[in-house]
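*Asks:* Handing you this structure, nothing more for now.
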Amino acid sequence: LHAPAPMSRQPPSAELQPRLGPPLALKNEPAVQIFPTEFNELPGWHQDNHGAAFQSFQRSCAAWRVQPDDRPLSGVFGLGRIGDWKKLCNINVQRGQEKQFFERWFRPYAVANSGDFDGLFTGYFVPQLRGSPRPGPRYWVPVYGMPKDLVKRNGQTGRLLDGRLVPYYERAEINAGALSGKGLELLWVDSDIDAFFLEIQGSGHVLMEDGTVRALSYAGKNGRAYYAIGKTLVDRGEIARDAISMQSIRDWIMRHPKEGRELMLQNQSYVFFKFADARAADGPIGSMNVPLTAGYSLAVDKNYLPLGVPLWLDAEHPAGRQRLRRLVMAQDTGGAIKGVIRGDVYWGADKQAGELAGVMKSRGRYFLLVPKHVAVG
């Protein structure tokens with residue numbers, strides 16, 4: 001296992017260099033290194049709102065409780081079985097003792113990928129759209145539920161044609177009416193641009209004509225590759241790299257409606273939705289099937305990290321204030337979230353959440369919290 005020199009590791013995003021123990025080898029991913037450390041070494045640990053983090057952790061527990069004890073956690077870190085984590089969920093923690101709970105029962109580990117501790121952290125939020133249960137001159141953009149003819153076979157997503165699995169309809173085909181008349185329309189909204197960004201966020205609230213609000217959550221996708229239109233705009237020189245954000249992309253599309261819609265069609269990936277259940281009042285339902293906690297839930301790549309686990313995040317704050325340092329739970333996934341040191345912070349549903357999420361592209365790192373009774377690797 002390749003290990004960097006003791007103090008040349010230098011996580012470039014932090015002024016405080018934590019003291020780390022020798023790396024532990026991972027059987028499943030030799031390029032990933034984990035270094036044991038102590039809570040006193042975590043930058044900002046003593047200033048966090050551990051009560052809010054513990055509430056988010058309890059939502060992870062709610063998902064674990066309905067899973068069999070002997071099921072192994074996914075990912076590359078070898079973090080034991082569900083039953084190992086359930087033990088911590090049954091501990092009675094008094095209000096104000098949440099910080100002590102984590103310190104007593106967990107051990108933090110710095111995570112590096114081929115010697116690099118730094119990764120990219122972005123943000124997302126719940127957008128608010130305007131909609132109607134019926135189509136009309138104003139509400140003309142359908143939001144679709146999961147198609148009945150979409151199937152998965154041998155790890156591939158598509159539809160059956162003469163007994164063969166072929167790729168499912170891409171965005172251009174769906175926009176041209178490939179799903180019309182199949183009764184899949186959940187509702188209609190008044191902006192194709194808003195509908196596009198709804199897909200990127202994966203959930204949303206729709207203010208209906210009668211004043212009610214319908215919550216939408218992710219149901220699935222068509223299996224086509226995700227295409228980042230922001231990268232194209234940067235590569236073309238339309239938007240400066242340091243100015244790219246959800247807001248700047250949206251503004252560009254609004255100023256260039258024809259070119260913008262052609263660009264959106266380049267993203268062949270298409271997301272389908274469902275009406276969220278009553279739990280969505282507490283937050284959108286993430287991939288772990290629990291409500292997300294604003295500011296304390298993180299979308300990750302589940303090929304590397306199992307859902308539910310706590311991570312100490314240390315990243316640049318999107319508002320340019322002090323660094324974003326808090327305990328978050330890996331409770332969601334995203335099509336663009338790829339890699340071991342990569343995350344997407346869920347910020348919430350209000351205007352400020354949208355502003356923070358839209359501009360966040362922060363360099364940062366995380367420390368993985370592992371129960372002390374679980375052997376890593």
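Chain labels A, B, ... are given in the sequence in which chains occur in the structure tokens; within each chain residues are numbered consecutively from 1, and ligands are likewise numbered from 1 in the order shown.
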Mind the document's chain letters and residue numbers, and return as a VMD selection string the residues of stretch 27-211 of chain A that DSSP labels alpha helix (DSSP H).

*Replies:* chain A and resid 50 to 64 82 to 89 98 to 105 171 to 175 192 to 201

*Asks:* Give me a file of those residues, with N, CA and C atoms, as a short mmCIF file (atom, residue, chain, number, x, y, z; two decimals), in the first residue's frame.

*Replies:*
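This went into selection07.cif:
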data_model
loop_
_atom_site.label_atom_id
_atom_site.label_comp_id
_atom_site.auth_asym_id
_atom_site.auth_seq_id
_atom_site.Cartn_x
_atom_site.Cartn_y
_atom_site.Cartn_z
N HIS A 50 -23.53 19.16 17.27
CA HIS A 50 -23.59 17.70 17.29
C HIS A 50 -25.00 17.19 17.48
N GLY A 51 -25.88 18.02 18.06
CA GLY A 51 -27.27 17.62 18.21
C GLY A 51 -27.95 17.44 16.86
N ALA A 52 -27.73 18.36 15.94
CA ALA A 52 -28.31 18.24 14.60
C ALA A 52 -27.72 17.05 13.86
N ALA A 53 -26.42 16.83 14.04
CA ALA A 53 -25.78 15.69 13.39
C ALA A 53 -26.33 14.38 13.94
N PHE A 54 -26.59 14.33 15.25
CA PHE A 54 -27.12 13.11 15.85
C PHE A 54 -28.52 12.81 15.34
N GLN A 55 -29.34 13.85 15.13
CA GLN A 55 -30.67 13.64 14.56
C GLN A 55 -30.57 13.03 13.16
N SER A 56 -29.61 13.51 12.39
CA SER A 56 -29.39 12.94 11.06
C SER A 56 -28.93 11.48 11.17
N PHE A 57 -28.07 11.21 12.15
CA PHE A 57 -27.61 9.83 12.37
C PHE A 57 -28.78 8.92 12.73
N GLN A 58 -29.73 9.42 13.50
CA GLN A 58 -30.89 8.62 13.87
C GLN A 58 -31.72 8.23 12.64
N ARG A 59 -31.72 9.07 11.63
CA ARG A 59 -32.41 8.72 10.39
C ARG A 59 -31.69 7.59 9.66
N SER A 60 -30.36 7.57 9.74
CA SER A 60 -29.63 6.42 9.21
C SER A 60 -30.04 5.15 9.97
N CYS A 61 -30.18 5.28 11.29
CA CYS A 61 -30.57 4.14 12.11
C CYS A 61 -31.93 3.60 11.69
N ALA A 62 -32.85 4.50 11.33
CA ALA A 62 -34.19 4.07 10.91
C ALA A 62 -34.12 3.16 9.69
N ALA A 63 -33.18 3.44 8.79
CA ALA A 63 -33.02 2.59 7.60
C ALA A 63 -32.34 1.27 7.97
N TRP A 64 -31.35 1.31 8.85
CA TRP A 64 -30.66 0.08 9.24
C TRP A 64 -31.58 -0.88 9.99
N ILE A 82 -24.61 -4.74 9.09
CA ILE A 82 -25.66 -3.86 9.59
C ILE A 82 -25.82 -3.99 11.10
N GLY A 83 -25.76 -5.22 11.61
CA GLY A 83 -25.92 -5.45 13.04
C GLY A 83 -24.88 -4.72 13.88
N ASP A 84 -23.66 -4.55 13.34
CA ASP A 84 -22.62 -3.82 14.07
C ASP A 84 -23.02 -2.36 14.29
N TRP A 85 -23.74 -1.80 13.34
CA TRP A 85 -24.15 -0.40 13.45
C TRP A 85 -25.44 -0.25 14.24
N LYS A 86 -26.30 -1.25 14.16
CA LYS A 86 -27.54 -1.20 14.94
C LYS A 86 -27.26 -1.10 16.44
N LYS A 87 -26.16 -1.71 16.88
CA LYS A 87 -25.83 -1.67 18.31
C LYS A 87 -25.73 -0.22 18.80
N LEU A 88 -25.19 0.65 17.96
CA LEU A 88 -25.04 2.05 18.35
C LEU A 88 -26.38 2.78 18.31
N CYS A 89 -27.29 2.30 17.47
CA CYS A 89 -28.59 2.95 17.34
C CYS A 89 -29.44 2.74 18.58
N GLU A 98 -24.63 14.42 22.74
CA GLU A 98 -24.41 13.84 21.41
C GLU A 98 -22.93 13.82 21.04
N LYS A 99 -22.21 14.88 21.37
CA LYS A 99 -20.78 14.93 21.05
C LYS A 99 -20.04 13.79 21.76
N GLN A 100 -20.37 13.58 23.03
CA GLN A 100 -19.73 12.52 23.80
C GLN A 100 -20.08 11.14 23.24
N PHE A 101 -21.30 11.00 22.69
CA PHE A 101 -21.69 9.73 22.08
C PHE A 101 -20.75 9.38 20.94
N PHE A 102 -20.52 10.33 20.03
CA PHE A 102 -19.64 10.04 18.89
C PHE A 102 -18.21 9.78 19.36
N GLU A 103 -17.74 10.56 20.33
CA GLU A 103 -16.37 10.39 20.80
C GLU A 103 -16.17 9.06 21.51
N ARG A 104 -17.18 8.58 22.20
CA ARG A 104 -17.05 7.34 22.97
C ARG A 104 -17.09 6.11 22.08
N TRP A 105 -17.93 6.14 21.07
CA TRP A 105 -18.22 4.91 20.32
C TRP A 105 -17.57 4.84 18.94
N ARG A 171 -33.36 11.69 -23.79
CA ARG A 171 -34.07 12.94 -23.51
C ARG A 171 -34.75 13.53 -24.75
N ALA A 172 -34.06 13.58 -25.87
CA ALA A 172 -34.64 14.18 -27.07
C ALA A 172 -35.89 13.43 -27.50
N GLU A 173 -35.87 12.11 -27.42
CA GLU A 173 -37.02 11.31 -27.80
C GLU A 173 -38.19 11.52 -26.84
N ILE A 174 -37.87 11.61 -25.55
CA ILE A 174 -38.93 11.84 -24.56
C ILE A 174 -39.54 13.22 -24.73
N ASN A 175 -38.69 14.22 -24.95
CA ASN A 175 -39.20 15.57 -25.18
C ASN A 175 -40.05 15.65 -26.44
N ASP A 192 -39.62 24.44 -18.93
CA ASP A 192 -38.78 23.29 -19.24
C ASP A 192 -37.40 23.42 -18.61
N ILE A 193 -36.98 24.65 -18.37
CA ILE A 193 -35.69 24.86 -17.71
C ILE A 193 -35.79 24.44 -16.25
N ASP A 194 -36.86 24.84 -15.57
CA ASP A 194 -37.07 24.41 -14.18
C ASP A 194 -37.17 22.89 -14.10
N ALA A 195 -37.86 22.27 -15.07
CA ALA A 195 -37.99 20.82 -15.07
C ALA A 195 -36.63 20.14 -15.24
N PHE A 196 -35.77 20.72 -16.06
CA PHE A 196 -34.43 20.17 -16.28
C PHE A 196 -33.63 20.21 -14.98
N PHE A 197 -33.66 21.34 -14.28
CA PHE A 197 -32.89 21.45 -13.04
C PHE A 197 -33.53 20.64 -11.92
N LEU A 198 -34.84 20.40 -12.00
CA LEU A 198 -35.48 19.49 -11.06
C LEU A 198 -34.85 18.10 -11.17
N GLU A 199 -34.58 17.66 -12.37
CA GLU A 199 -33.94 16.36 -12.56
C GLU A 199 -32.54 16.33 -11.95
N ILE A 200 -31.81 17.41 -12.11
CA ILE A 200 -30.45 17.46 -11.57
C ILE A 200 -30.47 17.38 -10.05
N GLN A 201 -31.45 18.07 -9.43
CA GLN A 201 -31.55 18.05 -7.97
C GLN A 201 -32.12 16.73 -7.46
#

*Asks:* Mind checking which residues fall within 12 Å of A:Gly295, counting only C-alpha atoms, ignoring those fewer than 6 positions away in the same chain, and posting them as a VMD selection string?

*Replies:* chain A and resid 48 to 49 52 to 53 55 to 56 123 to 125 283 313 317 324 to 331 344 to 349 352 to 353 356 to 357

*Asks:* Identify, on the basis of only C-alpha atoms, every residue whose closest approach to A:Lys302 does not exceed 8 Å; exclude the query and any residue fewer than 4 positions from it along the same chain; express the result as a ChimeraX atom specification.

*Replies:* /A:74-75,306-307,333

*Asks:* From the options A:Gly320, A:Pro284, A:Pro23, A:Gly204, which residue's atoms come nearest to A:Gln128, counting only C-alpha atoms?

*Replies:*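 Among A:Gly320, A:Pro284, A:Pro23, A:Gly204, it is A:Gly204 that comes nearest to A:Gln128.
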
*Asks:* Taking only C-alpha atoms into account, which of A:Ala240, A:Ile249, A:Ala225, A:Met360 comes nearest A:Gly335?

*Replies:*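 Closest candidate: A:Ala225.
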
*Asks:* Determine which residues of stretch 78-139 of chain A DSSP labels as strand (DSSP E) from the backbone of this structure, then write them out as a PDB file with N, CA, C and O atoms, in the first residue's frame.

*Replies:*
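File produced: result_28.pdb:
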ATOM      1  N   PHE A 106     -16.970   5.944  18.465  1.00  0.00           N
ATOM      2  CA  PHE A 106     -16.409   5.966  17.118  1.00  0.00           C
ATOM      3  C   PHE A 106     -14.922   6.302  17.149  1.00  0.00           C
ATOM      4  O   PHE A 106     -14.412   6.875  18.114  1.00  0.00           O
ATOM      5  N   ARG A 107     -14.272   5.991  16.042  1.00  0.00           N
ATOM      6  CA  ARG A 107     -12.883   6.384  15.794  1.00  0.00           C
ATOM      7  C   ARG A 107     -12.832   7.051  14.424  1.00  0.00           C
ATOM      8  O   ARG A 107     -13.347   6.505  13.439  1.00  0.00           O
ATOM      9  N   PRO A 108     -12.229   8.252  14.320  1.00  0.00           N
ATOM     10  CA  PRO A 108     -12.139   8.919  13.007  1.00  0.00           C
ATOM     11  C   PRO A 108     -10.918   8.455  12.209  1.00  0.00           C
ATOM     12  O   PRO A 108      -9.871   8.148  12.776  1.00  0.00           O
ATOM     13  N   TYR A 109     -11.112   8.426  10.895  1.00  0.00           N
ATOM     14  CA  TYR A 109     -10.039   8.056   9.970  1.00  0.00           C
ATOM     15  C   TYR A 109      -9.983   9.071   8.842  1.00  0.00           C
ATOM     16  O   TYR A 109     -11.001   9.357   8.197  1.00  0.00           O
ATOM     17  N   ALA A 110      -8.789   9.619   8.578  1.00  0.00           N
ATOM     18  CA  ALA A 110      -8.599  10.446   7.389  1.00  0.00           C
ATOM     19  C   ALA A 110      -8.576   9.533   6.164  1.00  0.00           C
ATOM     20  O   ALA A 110      -8.067   8.416   6.220  1.00  0.00           O
ATOM     21  N   VAL A 111      -9.136  10.019   5.076  1.00  0.00           N
ATOM     22  CA  VAL A 111      -9.229   9.216   3.855  1.00  0.00           C
ATOM     23  C   VAL A 111      -8.438   9.895   2.735  1.00  0.00           C
ATOM     24  O   VAL A 111      -8.580  11.107   2.510  1.00  0.00           O
ATOM     25  N   ALA A 112      -7.605   9.128   2.055  1.00  0.00           N
ATOM     26  CA  ALA A 112      -6.838   9.642   0.927  1.00  0.00           C
ATOM     27  C   ALA A 112      -7.010   8.709  -0.263  1.00  0.00           C
ATOM     28  O   ALA A 112      -7.233   7.512  -0.107  1.00  0.00           O
ATOM     29  N   ASN A 113      -6.906   9.282  -1.430  1.00  0.00           N
ATOM     30  CA  ASN A 113      -6.975   8.511  -2.671  1.00  0.00           C
ATOM     31  C   ASN A 113      -5.655   8.701  -3.407  1.00  0.00           C
ATOM     32  O   ASN A 113      -5.345   9.792  -3.871  1.00  0.00           O
ATOM     33  N   GLY A 119     -10.751  16.501  -2.317  1.00  0.00           N
ATOM     34  CA  GLY A 119     -11.719  16.132  -3.336  1.00  0.00           C
ATOM     35  C   GLY A 119     -12.688  17.274  -3.571  1.00  0.00           C
ATOM     36  O   GLY A 119     -12.542  18.362  -3.006  1.00  0.00           O
ATOM     37  N   LEU A 120     -13.684  17.036  -4.395  1.00  0.00           N
ATOM     38  CA  LEU A 120     -14.663  18.058  -4.754  1.00  0.00           C
ATOM     39  C   LEU A 120     -15.965  17.827  -3.999  1.00  0.00           C
ATOM     40  O   LEU A 120     -16.489  16.710  -3.959  1.00  0.00           O
ATOM     41  N   PHE A 121     -16.497  18.926  -3.436  1.00  0.00           N
ATOM     42  CA  PHE A 121     -17.778  18.889  -2.741  1.00  0.00           C
ATOM     43  C   PHE A 121     -18.681  19.975  -3.321  1.00  0.00           C
ATOM     44  O   PHE A 121     -18.302  21.145  -3.374  1.00  0.00           O
ATOM     45  N   THR A 122     -19.835  19.544  -3.796  1.00  0.00           N
ATOM     46  CA  THR A 122     -20.824  20.455  -4.362  1.00  0.00           C
ATOM     47  C   THR A 122     -22.057  20.456  -3.460  1.00  0.00           C
ATOM     48  O   THR A 122     -22.053  19.856  -2.387  1.00  0.00           O
ATOM     49  N   GLY A 123     -23.125  21.147  -3.895  1.00  0.00           N
ATOM     50  CA  GLY A 123     -24.320  21.219  -3.083  1.00  0.00           C
ATOM     51  C   GLY A 123     -25.570  21.049  -3.922  1.00  0.00           C
ATOM     52  O   GLY A 123     -25.568  21.268  -5.131  1.00  0.00           O
ATOM     53  N   TYR A 124     -26.650  20.639  -3.269  1.00  0.00           N
ATOM     54  CA  TYR A 124     -27.942  20.563  -3.939  1.00  0.00           C
ATOM     55  C   TYR A 124     -29.042  20.974  -2.977  1.00  0.00           C
ATOM     56  O   TYR A 124     -28.806  21.120  -1.765  1.00  0.00           O
ATOM     57  N   GLN A 128     -38.233  24.771  -6.105  1.00  0.00           N
ATOM     58  CA  GLN A 128     -39.669  25.014  -6.034  1.00  0.00           C
ATOM     59  C   GLN A 128     -40.161  25.435  -7.414  1.00  0.00           C
ATOM     60  O   GLN A 128     -39.669  26.403  -7.991  1.00  0.00           O
ATOM     61  N   LEU A 129     -41.125  24.692  -7.945  1.00  0.00           N
ATOM     62  CA  LEU A 129     -41.672  24.945  -9.268  1.00  0.00           C
ATOM     63  C   LEU A 129     -43.141  25.309  -9.144  1.00  0.00           C
ATOM     64  O   LEU A 129     -43.745  25.190  -8.071  1.00  0.00           O
ATOM     65  N   ARG A 130     -43.727  25.744 -10.258  1.00  0.00           N
ATOM     66  CA  ARG A 130     -45.163  26.032 -10.317  1.00  0.00           C
ATOM     67  C   ARG A 130     -45.799  25.026 -11.271  1.00  0.00           C
ATOM     68  O   ARG A 130     -45.278  24.770 -12.372  1.00  0.00           O
ATOM     69  N   GLY A 131     -46.939  24.449 -10.847  1.00  0.00           N
ATOM     70  CA  GLY A 131     -47.503  23.395 -11.664  1.00  0.00           C
ATOM     71  C   GLY A 131     -49.012  23.274 -11.587  1.00  0.00           C
ATOM     72  O   GLY A 131     -49.695  24.021 -10.884  1.00  0.00           O
ATOM     73  N   SER A 132     -49.525  22.300 -12.333  1.00  0.00           N
ATOM     74  CA  SER A 132     -50.953  22.049 -12.435  1.00  0.00           C
ATOM     75  C   SER A 132     -51.174  20.558 -12.661  1.00  0.00           C
ATOM     76  O   SER A 132     -50.324  19.887 -13.268  1.00  0.00           O
TER      77      SER A 132
END

*Asks:* Ranking A:Val290, A:Val234, A:Asn267, A:Gly211 by minimum distance to A:Val66 and counting only C-alpha atoms, which one comes first?

*Replies:* A:Val290

*Asks:* Enter the distance from atom CA of A:Val374 to atom CA of A:Glu41, in Å, rounded to one decimal.

*Replies:*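 Separation of atom CA of A:Val374 and atom CA of A:Glu41: 20.9 Å.
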